Structure formats: C-alpha cells, structure tokens
>>> print(open('run-v5.tsv').read())   # TSV, N, CA and C atoms
chain	number	residue	atom	x	y	z
A	1	MET	N	14.92	-10.68	-1.78
A	1	MET	CA	13.80	-10.28	-2.61
A	1	MET	C	13.14	-9.03	-2.02
A	2	LEU	N	12.95	-8.06	-2.83
A	2	LEU	CA	12.27	-6.82	-2.44
A	2	LEU	C	12.99	-6.07	-1.31
A	3	GLU	N	14.30	-6.20	-1.22
A	3	GLU	CA	15.04	-5.55	-0.15
A	3	GLU	C	15.17	-4.04	-0.33
A	4	ASN	N	15.21	-3.58	-1.56
A	4	ASN	CA	15.45	-2.16	-1.83
A	4	ASN	C	14.18	-1.41	-2.22
A	5	THR	N	13.07	-1.77	-1.64
A	5	THR	CA	11.80	-1.14	-1.98
A	5	THR	C	11.48	-0.02	-0.99
A	6	VAL	N	10.56	0.82	-1.38
A	6	VAL	CA	10.08	1.88	-0.50
A	6	VAL	C	9.53	1.25	0.78
A	7	TRP	N	8.85	0.13	0.64
A	7	TRP	CA	8.26	-0.54	1.80
A	7	TRP	C	9.33	-0.91	2.83
A	8	ARG	N	10.44	-1.45	2.35
A	8	ARG	CA	11.49	-1.92	3.26
A	8	ARG	C	12.26	-0.79	3.92
A	9	GLN	N	12.11	0.42	3.43
A	9	GLN	CA	12.74	1.56	4.10
A	9	GLN	C	12.09	1.80	5.47
A	10	TYR	N	10.85	1.40	5.62
A	10	TYR	CA	10.09	1.68	6.84
A	10	TYR	C	9.64	0.42	7.59
A	11	HIS	N	9.83	-0.75	6.98
A	11	HIS	CA	9.43	-2.02	7.59
A	11	HIS	C	10.58	-3.00	7.51
A	12	LYS	N	10.69	-3.86	8.53
A	12	LYS	CA	11.76	-4.87	8.53
A	12	LYS	C	11.40	-6.06	7.64
A	13	GLU	N	10.12	-6.30	7.49
A	13	GLU	CA	9.65	-7.44	6.70
A	13	GLU	C	8.76	-6.96	5.56
A	14	ASN	N	8.55	-7.84	4.58
A	14	ASN	CA	7.62	-7.55	3.49
A	14	ASN	C	6.20	-7.90	3.95
A	15	ASP	N	5.68	-7.13	4.89
A	15	ASP	CA	4.37	-7.43	5.46
A	15	ASP	C	3.25	-6.59	4.84
A	16	PHE	N	3.46	-6.15	3.61
A	16	PHE	CA	2.44	-5.33	2.95
A	16	PHE	C	1.19	-6.14	2.65
A	17	ARG	N	1.31	-7.45	2.56
A	17	ARG	CA	0.14	-8.32	2.31
A	17	ARG	C	-0.90	-8.14	3.43
A	18	GLU	N	-0.46	-8.09	4.67
A	18	GLU	CA	-1.38	-7.92	5.80
A	18	GLU	C	-2.03	-6.54	5.77
A	19	VAL	N	-1.27	-5.53	5.41
A	19	VAL	CA	-1.80	-4.17	5.33
A	19	VAL	C	-2.84	-4.09	4.22
A	20	LEU	N	-2.54	-4.69	3.08
A	20	LEU	CA	-3.50	-4.71	1.98
A	20	LEU	C	-4.77	-5.46	2.38
A	21	ALA	N	-4.62	-6.58	3.07
A	21	ALA	CA	-5.78	-7.35	3.51
A	21	ALA	C	-6.67	-6.51	4.42
A	22	LYS	N	-6.05	-5.70	5.25
A	22	LYS	CA	-6.80	-4.86	6.18
A	22	LYS	C	-7.64	-3.82	5.44
A	23	TYR	N	-7.09	-3.19	4.43
A	23	TYR	CA	-7.78	-2.09	3.76
A	23	TYR	C	-8.60	-2.50	2.55
A	24	THR	N	-8.33	-3.67	1.97
A	24	THR	CA	-9.07	-4.08	0.78
A	24	THR	C	-10.17	-5.08	1.08
A	25	ALA	N	-10.25	-5.57	2.28
A	25	ALA	CA	-11.24	-6.57	2.69
A	25	ALA	C	-11.09	-7.86	1.89
A	26	ILE	N	-9.87	-8.15	1.48
A	26	ILE	CA	-9.56	-9.41	0.81
A	26	ILE	C	-8.63	-10.19	1.74
A	27	ASP	N	-8.97	-11.44	2.01
A	27	ASP	CA	-8.11	-12.26	2.86
A	27	ASP	C	-6.74	-12.42	2.21
A	28	ALA	N	-5.71	-12.44	3.04
A	28	ALA	CA	-4.34	-12.56	2.54
A	28	ALA	C	-4.16	-13.84	1.73
A	29	ILE	N	-4.88	-14.89	2.07
A	29	ILE	CA	-4.75	-16.14	1.32
A	29	ILE	C	-5.34	-16.05	-0.07
A	30	ASN	N	-6.25	-15.14	-0.29
A	30	ASN	CA	-6.86	-14.98	-1.61
A	30	ASN	C	-6.08	-14.03	-2.51
A	31	MET	N	-5.00	-13.47	-1.99
A	31	MET	CA	-4.17	-12.57	-2.78
A	31	MET	C	-3.14	-13.34	-3.57
A	32	ILE	N	-2.55	-12.67	-4.53
A	32	ILE	CA	-1.49	-13.25	-5.33
A	32	ILE	C	-0.40	-13.77	-4.39
A	33	GLU	N	0.04	-14.99	-4.62
A	33	GLU	CA	0.98	-15.63	-3.70
A	33	GLU	C	2.38	-15.03	-3.74
A	34	ASP	N	2.86	-14.69	-4.91
A	34	ASP	CA	4.22	-14.18	-5.07
A	34	ASP	C	4.29	-12.73	-4.60
A	35	ASP	N	5.10	-12.48	-3.57
A	35	ASP	CA	5.24	-11.12	-3.03
A	35	ASP	C	5.73	-10.12	-4.07
A	36	LYS	N	6.63	-10.57	-4.92
A	36	LYS	CA	7.20	-9.68	-5.93
A	36	LYS	C	6.12	-9.22	-6.92
A	37	GLU	N	5.29	-10.13	-7.36
A	37	GLU	CA	4.20	-9.79	-8.28
A	37	GLU	C	3.17	-8.91	-7.59
A	38	LEU	N	2.84	-9.23	-6.34
A	38	LEU	CA	1.87	-8.45	-5.58
A	38	LEU	C	2.37	-7.03	-5.36
A	39	TYR	N	3.63	-6.89	-5.01
A	39	TYR	CA	4.21	-5.56	-4.81
A	39	TYR	C	4.26	-4.78	-6.12
A	40	GLY	N	4.52	-5.47	-7.22
A	40	GLY	CA	4.52	-4.83	-8.53
A	40	GLY	C	3.17	-4.25	-8.87
A	41	ILE	N	2.11	-4.97	-8.56
A	41	ILE	CA	0.76	-4.47	-8.81
A	41	ILE	C	0.46	-3.29	-7.89
A	42	LEU	N	0.90	-3.39	-6.63
A	42	LEU	CA	0.72	-2.29	-5.69
A	42	LEU	C	1.41	-1.03	-6.22
A	43	LYS	N	2.62	-1.17	-6.72
A	43	LYS	CA	3.35	-0.03	-7.29
A	43	LYS	C	2.64	0.53	-8.52
A	44	ALA	N	2.04	-0.34	-9.31
A	44	ALA	CA	1.35	0.11	-10.52
A	44	ALA	C	0.06	0.86	-10.19
A	45	LYS	N	-0.60	0.47	-9.12
A	45	LYS	CA	-1.89	1.07	-8.77
A	45	LYS	C	-1.77	2.36	-7.98
A	46	LEU	N	-0.66	2.55	-7.27
A	46	LEU	CA	-0.46	3.75	-6.46
A	46	LEU	C	0.64	4.61	-7.05
A	47	THR	N	0.55	5.90	-6.81
A	47	THR	CA	1.65	6.78	-7.20
A	47	THR	C	2.81	6.55	-6.23
A	48	LYS	N	3.98	7.03	-6.57
A	48	LYS	CA	5.14	6.88	-5.68
A	48	LYS	C	4.87	7.52	-4.33
A	49	LYS	N	4.23	8.68	-4.36
A	49	LYS	CA	3.93	9.40	-3.13
A	49	LYS	C	2.92	8.62	-2.27
A	50	GLU	N	1.90	8.04	-2.92
A	50	GLU	CA	0.90	7.26	-2.19
A	50	GLU	C	1.52	6.01	-1.59
A	51	LEU	N	2.40	5.35	-2.35
A	51	LEU	CA	3.06	4.15	-1.84
A	51	LEU	C	3.94	4.47	-0.63
A	52	LYS	N	4.65	5.57	-0.70
A	52	LYS	CA	5.50	5.98	0.42
A	52	LYS	C	4.64	6.35	1.63
A	53	LEU	N	3.53	7.03	1.39
A	53	LEU	CA	2.61	7.38	2.49
A	53	LEU	C	2.05	6.11	3.12
A	54	LEU	N	1.66	5.14	2.32
A	54	LEU	CA	1.15	3.87	2.85
A	54	LEU	C	2.21	3.18	3.70
A	55	ALA	N	3.43	3.12	3.20
A	55	ALA	CA	4.52	2.46	3.93
A	55	ALA	C	4.79	3.18	5.26
A	56	MET	N	4.86	4.50	5.21
A	56	MET	CA	5.17	5.26	6.43
A	56	MET	C	4.01	5.21	7.42
A	57	ASP	N	2.78	5.35	6.93
A	57	ASP	CA	1.62	5.36	7.82
A	57	ASP	C	1.42	3.99	8.47
A	58	SER	N	1.61	2.92	7.71
A	58	SER	CA	1.45	1.58	8.29
A	58	SER	C	2.60	1.23	9.23
A	59	ALA	N	3.72	1.93	9.12
A	59	ALA	CA	4.84	1.75	10.06
A	59	ALA	C	4.63	2.58	11.32
A	60	GLU	N	3.48	3.23	11.38
A	60	GLU	CA	3.07	4.04	12.53
A	60	GLU	C	4.02	5.20	12.80
A	61	ILE	N	4.48	5.80	11.71
A	61	ILE	CA	5.30	7.01	11.84
A	61	ILE	C	4.35	8.16	12.14
A	62	ASP	N	4.74	8.99	13.09
A	62	ASP	CA	3.81	10.03	13.56
A	62	ASP	C	3.48	11.04	12.46
A	63	ASP	N	2.33	11.67	12.61
A	63	ASP	CA	1.82	12.61	11.61
A	63	ASP	C	2.74	13.81	11.40
A	64	GLU	N	3.42	14.25	12.43
A	64	GLU	CA	4.33	15.39	12.29
A	64	GLU	C	5.46	15.07	11.31
A	65	THR	N	6.00	13.87	11.41
A	65	THR	CA	7.05	13.44	10.48
A	65	THR	C	6.50	13.33	9.07
A	66	LEU	N	5.29	12.81	8.94
A	66	LEU	CA	4.66	12.70	7.62
A	66	LEU	C	4.45	14.08	7.00
A	67	LYS	N	4.02	15.02	7.81
A	67	LYS	CA	3.79	16.38	7.29
A	67	LYS	C	5.09	17.00	6.80
A	68	VAL	N	6.18	16.78	7.51
A	68	VAL	CA	7.47	17.31	7.09
A	68	VAL	C	7.94	16.61	5.81
A	69	GLU	N	7.83	15.29	5.79
A	69	GLU	CA	8.29	14.50	4.64
A	69	GLU	C	7.58	14.88	3.34
A	70	PHE	N	6.28	15.09	3.42
A	70	PHE	CA	5.48	15.38	2.23
A	70	PHE	C	5.14	16.86	2.06
A	71	SER	N	5.62	17.70	2.94
A	71	SER	CA	5.32	19.15	2.91
A	71	SER	C	3.81	19.40	2.95
A	72	TYR	N	3.14	18.69	3.84
A	72	TYR	CA	1.68	18.83	4.01
A	72	TYR	C	1.39	19.63	5.28
A	73	ASP	N	0.21	20.26	5.29
A	73	ASP	CA	-0.32	20.78	6.54
A	73	ASP	C	-1.31	19.73	7.06
A	74	ASP	N	-1.96	20.00	8.18
A	74	ASP	CA	-2.87	19.02	8.78
A	74	ASP	C	-3.96	18.59	7.80
A	75	GLU	N	-4.57	19.55	7.14
A	75	GLU	CA	-5.68	19.26	6.23
A	75	GLU	C	-5.21	18.47	5.01
A	76	ALA	N	-4.07	18.83	4.45
A	76	ALA	CA	-3.54	18.13	3.27
A	76	ALA	C	-3.18	16.68	3.60
A	77	LEU	N	-2.62	16.45	4.78
A	77	LEU	CA	-2.28	15.09	5.20
A	77	LEU	C	-3.54	14.26	5.36
A	78	LYS	N	-4.54	14.84	5.97
A	78	LYS	CA	-5.81	14.14	6.18
A	78	LYS	C	-6.43	13.77	4.83
A	79	LYS	N	-6.40	14.69	3.87
A	79	LYS	CA	-6.95	14.44	2.54
A	79	LYS	C	-6.15	13.37	1.80
A	80	ALA	N	-4.82	13.42	1.93
A	80	ALA	CA	-3.97	12.45	1.25
A	80	ALA	C	-4.21	11.04	1.78
A	81	LYS	N	-4.34	10.90	3.09
A	81	LYS	CA	-4.63	9.58	3.68
A	81	LYS	C	-6.00	9.09	3.24
A	82	PHE	N	-6.99	9.98	3.27
A	82	PHE	CA	-8.34	9.62	2.85
A	82	PHE	C	-8.34	9.12	1.41
A	83	LYS	N	-7.66	9.85	0.52
A	83	LYS	CA	-7.60	9.49	-0.89
A	83	LYS	C	-6.90	8.15	-1.09
A	84	LEU	N	-5.80	7.93	-0.37
A	84	LEU	CA	-5.05	6.69	-0.46
A	84	LEU	C	-5.90	5.49	-0.06
A	85	TYR	N	-6.51	5.56	1.11
A	85	TYR	CA	-7.27	4.41	1.60
A	85	TYR	C	-8.55	4.22	0.82
A	86	LYS	N	-9.11	5.29	0.28
A	86	LYS	CA	-10.28	5.18	-0.59
A	86	LYS	C	-9.89	4.45	-1.87
A	87	LYS	N	-8.73	4.79	-2.40
A	87	LYS	CA	-8.24	4.16	-3.63
A	87	LYS	C	-8.03	2.66	-3.41
A	88	LEU	N	-7.49	2.27	-2.26
A	88	LEU	CA	-7.27	0.85	-1.97
A	88	LEU	C	-8.58	0.08	-1.87
A	89	LYS	N	-9.64	0.75	-1.46
A	89	LYS	CA	-10.94	0.09	-1.30
A	89	LYS	C	-11.74	0.00	-2.60
A	90	GLN	N	-11.35	0.78	-3.61
A	90	GLN	CA	-12.07	0.75	-4.88
A	90	GLN	C	-11.89	-0.60	-5.57
A	91	ASP	N	-12.95	-1.10	-6.18
A	91	ASP	CA	-12.89	-2.39	-6.85
A	91	ASP	C	-11.80	-2.47	-7.90
A	92	LYS	N	-11.64	-1.41	-8.69
A	92	LYS	CA	-10.64	-1.49	-9.76
A	92	LYS	C	-9.22	-1.63	-9.22
A	93	THR	N	-9.00	-1.22	-7.99
A	93	THR	CA	-7.68	-1.39	-7.37
A	93	THR	C	-7.61	-2.69	-6.60
A	94	ARG	N	-8.54	-2.88	-5.69
A	94	ARG	CA	-8.44	-4.04	-4.78
A	94	ARG	C	-8.59	-5.38	-5.49
A	95	LEU	N	-9.41	-5.45	-6.52
A	95	LEU	CA	-9.60	-6.72	-7.21
A	95	LEU	C	-8.36	-7.15	-7.99
A	96	SER	N	-7.50	-6.21	-8.30
A	96	SER	CA	-6.26	-6.57	-9.01
A	96	SER	C	-5.28	-7.32	-8.12
A	97	PHE	N	-5.50	-7.28	-6.80
A	97	PHE	CA	-4.63	-7.99	-5.87
A	97	PHE	C	-5.05	-9.46	-5.68
A	98	ARG	N	-6.24	-9.80	-6.15
A	98	ARG	CA	-6.75	-11.17	-5.99
A	98	ARG	C	-6.02	-12.13	-6.90
A	99	ALA	N	-5.77	-13.31	-6.40
A	99	ALA	CA	-5.07	-14.34	-7.18
A	99	ALA	C	-5.86	-14.72	-8.43
A	100	SER	N	-7.17	-14.79	-8.33
A	100	SER	CA	-7.98	-15.20	-9.48
A	100	SER	C	-7.95	-14.16	-10.60
A	101	ALA	N	-7.77	-12.90	-10.24
A	101	ALA	CA	-7.69	-11.84	-11.25
A	101	ALA	C	-6.36	-11.91	-12.00
A	102	PHE	N	-5.36	-12.47	-11.38
A	102	PHE	CA	-4.02	-12.51	-11.96
A	102	PHE	C	-3.75	-13.80	-12.73
A	103	SER	N	-4.35	-14.90	-12.29
A	103	SER	CA	-4.06	-16.18	-12.94
A	103	SER	C	-4.58	-16.19	-14.37
A	104	GLU	N	-3.86	-16.90	-15.21
A	104	GLU	CA	-4.21	-16.93	-16.64
A	104	GLU	C	-4.81	-18.28	-16.98
A	105	GLU	N	-5.88	-18.66	-16.30
A	105	GLU	CA	-6.51	-19.95	-16.54
A	105	GLU	C	-7.60	-19.81	-17.56
>>> encode(input="run-v5.tsv", output="structure tokens")
Amino acid sequence: MLENTVWRQYHKENDFREVLAKYTAIDAINMIEDDKELYGILKAKLTKKELKLLAMDSAEIDDETLKVEFSYDDEALKKAKFKLYKKLKQDKTRLSFRASAFSEE
C-alpha cells in the first residue's frame, strides 16, 4: 500500500501521519485511520511540488540538495518552506485530516 508515492521515494515507511501531527497540532490518533485516504487528502491539499518538498524536508535532506532539485535560491527555498508549513497549519487544510471531518455520520 502506498509503495509508489512521492513520500516513499524519500522515506522507508509511511510515516507522514507523524509529520502531519507535528505541523497541524492534531494528534495522530484523531486523524483519519486509513493511510491511503489520509495520503489522498494530503495530495489533494498540497501541490505536487509542495508534497515533494514536505517529503524531502521531513527526510532531512540538506537544503543544498533541495535548492538543486527545485531550482531555488536561498530566499526562494525559505519562502517555499514557509508557505508549505503555513498551509498545513491553516484550518481549511489541517481540519480535513481529522477523522471527524471525514466520517459520514
């Protein structure tokens, strides 16, 4: 499951739940239980470039590699990271990861 994702290119496990919990201030237990559904929402909320940046940055890939990969200079990389993590903290994004927002009760 989820073996061929952008996330798995940089991580051995599907540990995006912990990364999301860190940046969204939502406990991992309160998130959607199914990894496939949670990853689908993550893909829907972020652009491909933002998702790849999140995967690479959380894998602790150095900034020089990130700058080459995305053709950024220091300032552009800093802005891209700021925008990404700000987006994850916004209610319209982070609340979509909650199990209660997804359940159809």
>>> atom_distance(input="run-v5.tsv", atom1="atom C of Tyr85 (chain A)", atom2="CA of Ala25 (chain A)")
11.3 Å
>>> closest_residue(input="run-v5.tsv", among="A:Ala55, A:Thr47, A:Leu42, A:Ile26", to="Glu13 (chain A)", atoms="only C-alpha atoms")
A:Ala55
>>> closest_residue(input="run-v5.tsv", among="A:Lys43, A:Arg94, A:Lys22, A:Lys86", to="Ser58 (chain A)", atoms="only C-alpha atoms")
A:Lys22
>>> closest_residue(input="run-v5.tsv", among="A:Leu20, A:Leu51, A:Val6, A:Met31", to="Ser100 (chain A)", atoms="all atoms listed in the file")
A:Met31
>>> select_by_dssp(input="run-v5.tsv", residues="chain A", states="alpha helix (DSSP H)", output="ChimeraX atom specification")
/A:6-10,16-24,35-45,48-58,63-70,74-89,91-94,99-102
>>> residues_around(input="run-v5.tsv", residues="Phe97 (chain A)", least_positions_apart="5", cutoff="7 Å", atoms="all atoms listed in the file", output="list in words")
Asn30, Met31, Ile32, Leu38 and Phe102 of chain A
>>> atom_distance(input="run-v5.tsv", atom1="atom C of Glu37 (chain A)", atom2="CA of Lys78 (chain A)")
28.3 Å
>>> closest_residue(input="run-v5.tsv", among="A:Thr65, A:Asn14, A:Asn4, A:Gln9", to="Lys52 (chain A)", atoms="only C-alpha atoms")
A:Gln9
>>> atom_distance(input="run-v5.tsv", atom1="CA of Glu18 (chain A)", atom2="CA of Lys49 (chain A)")
20.2 Å
